[in-house]
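Engineer: This is the structure I have questions about; it appears just below.
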Amino acid sequence: MDAQGPGGAGDFDPADQWVFDPNTGNYELRLNPAETSADDTTELRRVTRSSSDDGTTGSEPRGRRRAAKREAEKEQAAGPVSRRKPKPKKSKTKKALYWGSGTLAFLLVGGSAAAYFVYQHLNNNISKVDVGENNAAVSDGPMNILLIGTDRRDGKGNEGYGDAGSVGHADTTLLFHVSEDRSNATVLSFPRDMITDIPDCTVKEDGRRKKIPGEDEVRFNTSLGQEGRDPGCTWQTVEKITGLEIDHFMMADFNAVKSMSTAVGGVDICLGKDINDPKSHLNLKKGRHTVKGEQALAFVRTRHAVGFGGDLDRIKLQQQFLSSLMRKMKASGTLTNPGKMWDLAQTATKALTVDTGIGTVSKLASLGKNLSKVDLKNVTFATVPVVDNTDGATVLLDKTKAEPLFSMVRQDVSLTEVKKKEKAAKNEQAGRLKGPKADPADVRVKVLNGSGQFGAAQETVDWMQNTEGMSRTSNGGNAPSELKKTTLEYAPNQADQARRLADSMGLPASAMKEGTKDAEPMAEMTLTLGADFKGAGTPISAPSKAPKDIQRVEADDKDVCAK
């Protein structure tokens with residue numbers, strides 16, 4: 001947008017657009033300085049060549065210079081007479097072109113200033129929190145964005161809801177995971193009343209980082225606000241629960257729901273029954289509606305009038321709302337309409353609090369453009385599996401269902417059927433799991449611990465020997481460094497042993513690292529446990545399908561109705 005910015009077609013100084021025209025004796029505007037012809041350049045050099053004191057060039061004979069001087073004196077006495085060619089009159093068309101070029105030049109410069117003003121204005125809208133991470137706005141691999149909806153009651157537009165003195169908790173928390181190839185995304189909702197452990201975290205106060213002690217067996221929503229915790233504490237809590245590494249966070253309050261829904265012209269929702277909830281103030285008949293402002297906020301806050309009246313049923317409403325909002329933004333032309341885009345940009349930048357890694361308009365735009373590659377039909381909302389707690393007011397993580405789900409997300413396995421063009425290299429790698437398998441007693445492997453978990457190598461060796469019958473295994477101690485993913489290195493003539501081990505441990509094809517040279521007959525393979533190791537006997541490879549009975553919503557499903 002900046003005419004003077006580096007790179008691209010606009011990489012020029014506006015002053016360079018004004019070029020001397022020897023035919024007219026004037027400086028004239030040319031939007032492309034390259035339009036200056038070779039003849040013009042030659043003439044320009046000739047006209048501007050340095051002259052002697054008497055007004056003639058030093059190469060002329062002395063007599064001729066004197067004659068020229070006398071002639072010049074006569075001309076001066078008679079009045080100024082131009083030695084240039086008569087200035088041709090411009091045609092109406094040419095005049096229009098000149099005026100048009102001048103106007104365009106003004107708009108280019110003015111546009112640059114306006115763009116800078118807009119950029120600074122939107123930048124000043126954004127609130128940032130330094131959570132101790134400064135990741136690049138966009139990465140080449142999979143990305144995890146933490147979305148937090150806080151129930152903060154202070155500030156314009158937030159007053160009048162619930163507890164007036166609330167510091168704001170993690171009332172609505174979603175982890176938006178986008179696959180490495182941007183073909184799909186999974187959005188996990190975390191129940192606010194889930195009992196979990198909150199790790200130690202740090203917050204920034206007066207330019208210094210302050211440690212806030214963690215707590216065991218408390219509500220998930222206290223990971224924000226309570227004890228002075230900031231979004232970085234919720235960030236670390238989600239990482240501990242899921243084993244995923246978060247790249248960025250975005251946080252919004254009550255007012256954001258009202259302003260964002262209004263900016264897009266309303267969000268379409270569906271009710272499977274009449275709802276009249278005096279606590280959220282939602283009062284709508286069965287059927288389809290378009291909600292915005294206060295009504296949109298009432299929809300995402302209601303819970304007593306749907307399902308069993310709990311937070312899990314409210315999560316379903318929020319997932320329906322967000323899915324519809326995403327569809328509305330893509331289908332209504334919001335992103336291609338300058339007026340709507342301005343309103344949305346104004347609203348979003350005012351409503352959001354983000355980490356410093358995406359704390360500018362350009363970084364947010366870069367992230368948004370990258371994530372927008374995902375097709376909505378391959379975006380799935382799912383609620384983290386939980387079971388009722390004995391107190392009747394809270395829930396507990398259902399580890400039996402949650403761990404396979406987290407494993408799928410960690411290993412970039414989509415919850416939807418995504419058609420992909422498999423590359424030859426991937427096919428070849430997957431083929432390493434196919435073929436004959438050696439007897440367990442013939443498997444020779446040294447186990448290294450790169451998982452960061454104390455005793456993981458010995459635990460694995462014990463399991464191999466006592467449960468799997470792999471007696472020729474050994475503990476190689478700690479790996480030189482910790483790894484994110486488990487790997488198995490082996491020689492071509494050990495492939496049958498590698499397949500047996502991979503089958504027992506549930507290793508994915510990506511963990512198989514085959515060498516190029518055969519090994520000695522008694523040589524060991526090398527298994528290095530990574531951060532994806534969850535315990536001996538627990539498959540490292542993610543399941544191909546999500547566990548049954550998890551609550552989920554497809555983002556492109558327009559027929560979902562709250563009941």
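FYI, nothing fancy with the structure tokens labels: chains A, B, ... in order, residues from 1 per chain, ligands from 1 as they appear.
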Please report, as a ChimeraX atom specification, each residue of range 176-363 of chain A to which DSSP assigns strand (DSSP E or B) when run on this structure's backbone.
Structural biologist: /A:176-178,185-190,194-198,201-205,208-212,215-219,248-252,267-271,275-277,282-284,287-291,353-355
Engineer: Can I get the residues of range 484-559 of chain A within 12 Å of range 269-280 of chain A, each with the closest pair of atoms and their distance in Å to one decimal, using only C-alpha atoms, sorted chain first then ascending number, as CSV?
Structural biologist:
```
residue,atom,partner,partner_atom,distance
A:Asp557,CA,A:Cys270,CA,11.4
A:Lys558,CA,A:Cys270,CA,8.6
A:Asp559,CA,A:Cys270,CA,7.7
```
Engineer: Looking at A:Leu174, A:Ala263, A:Val306, A:Val461, which one is nearest to Leu527 in chain A, with distances taken over only C-alpha atoms?
Structural biologist: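 The answer is A:Val461, which sits nearest to Leu527 in chain A.
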Engineer: Have a look at CA of Glu489 in chain A and CA of Ser474 in chain A and let me know their distance in Å, one decimal.
Structural biologist: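 Going from CA of Glu489 in chain A over to CA of Ser474 in chain A, I get 14.8 Å.
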Engineer: Determine the nearest neighbour of Gly310 in chain A from the options A:Lys210, A:Lys534, A:Arg192, A:Lys286, counting only C-alpha atoms.
Structural biologist: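 Closest residue, counting only C-alpha atoms: A:Arg192.
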Engineer: Run DSSP on the backbone and grab whatever in range 348-563 of chain A lands in alpha helix (DSSP H); send it over as an NGL selection string.
Structural biologist: :A and (348-351 or 361-371 or 399-410 or 424-430 or 456-466 or 495-505)
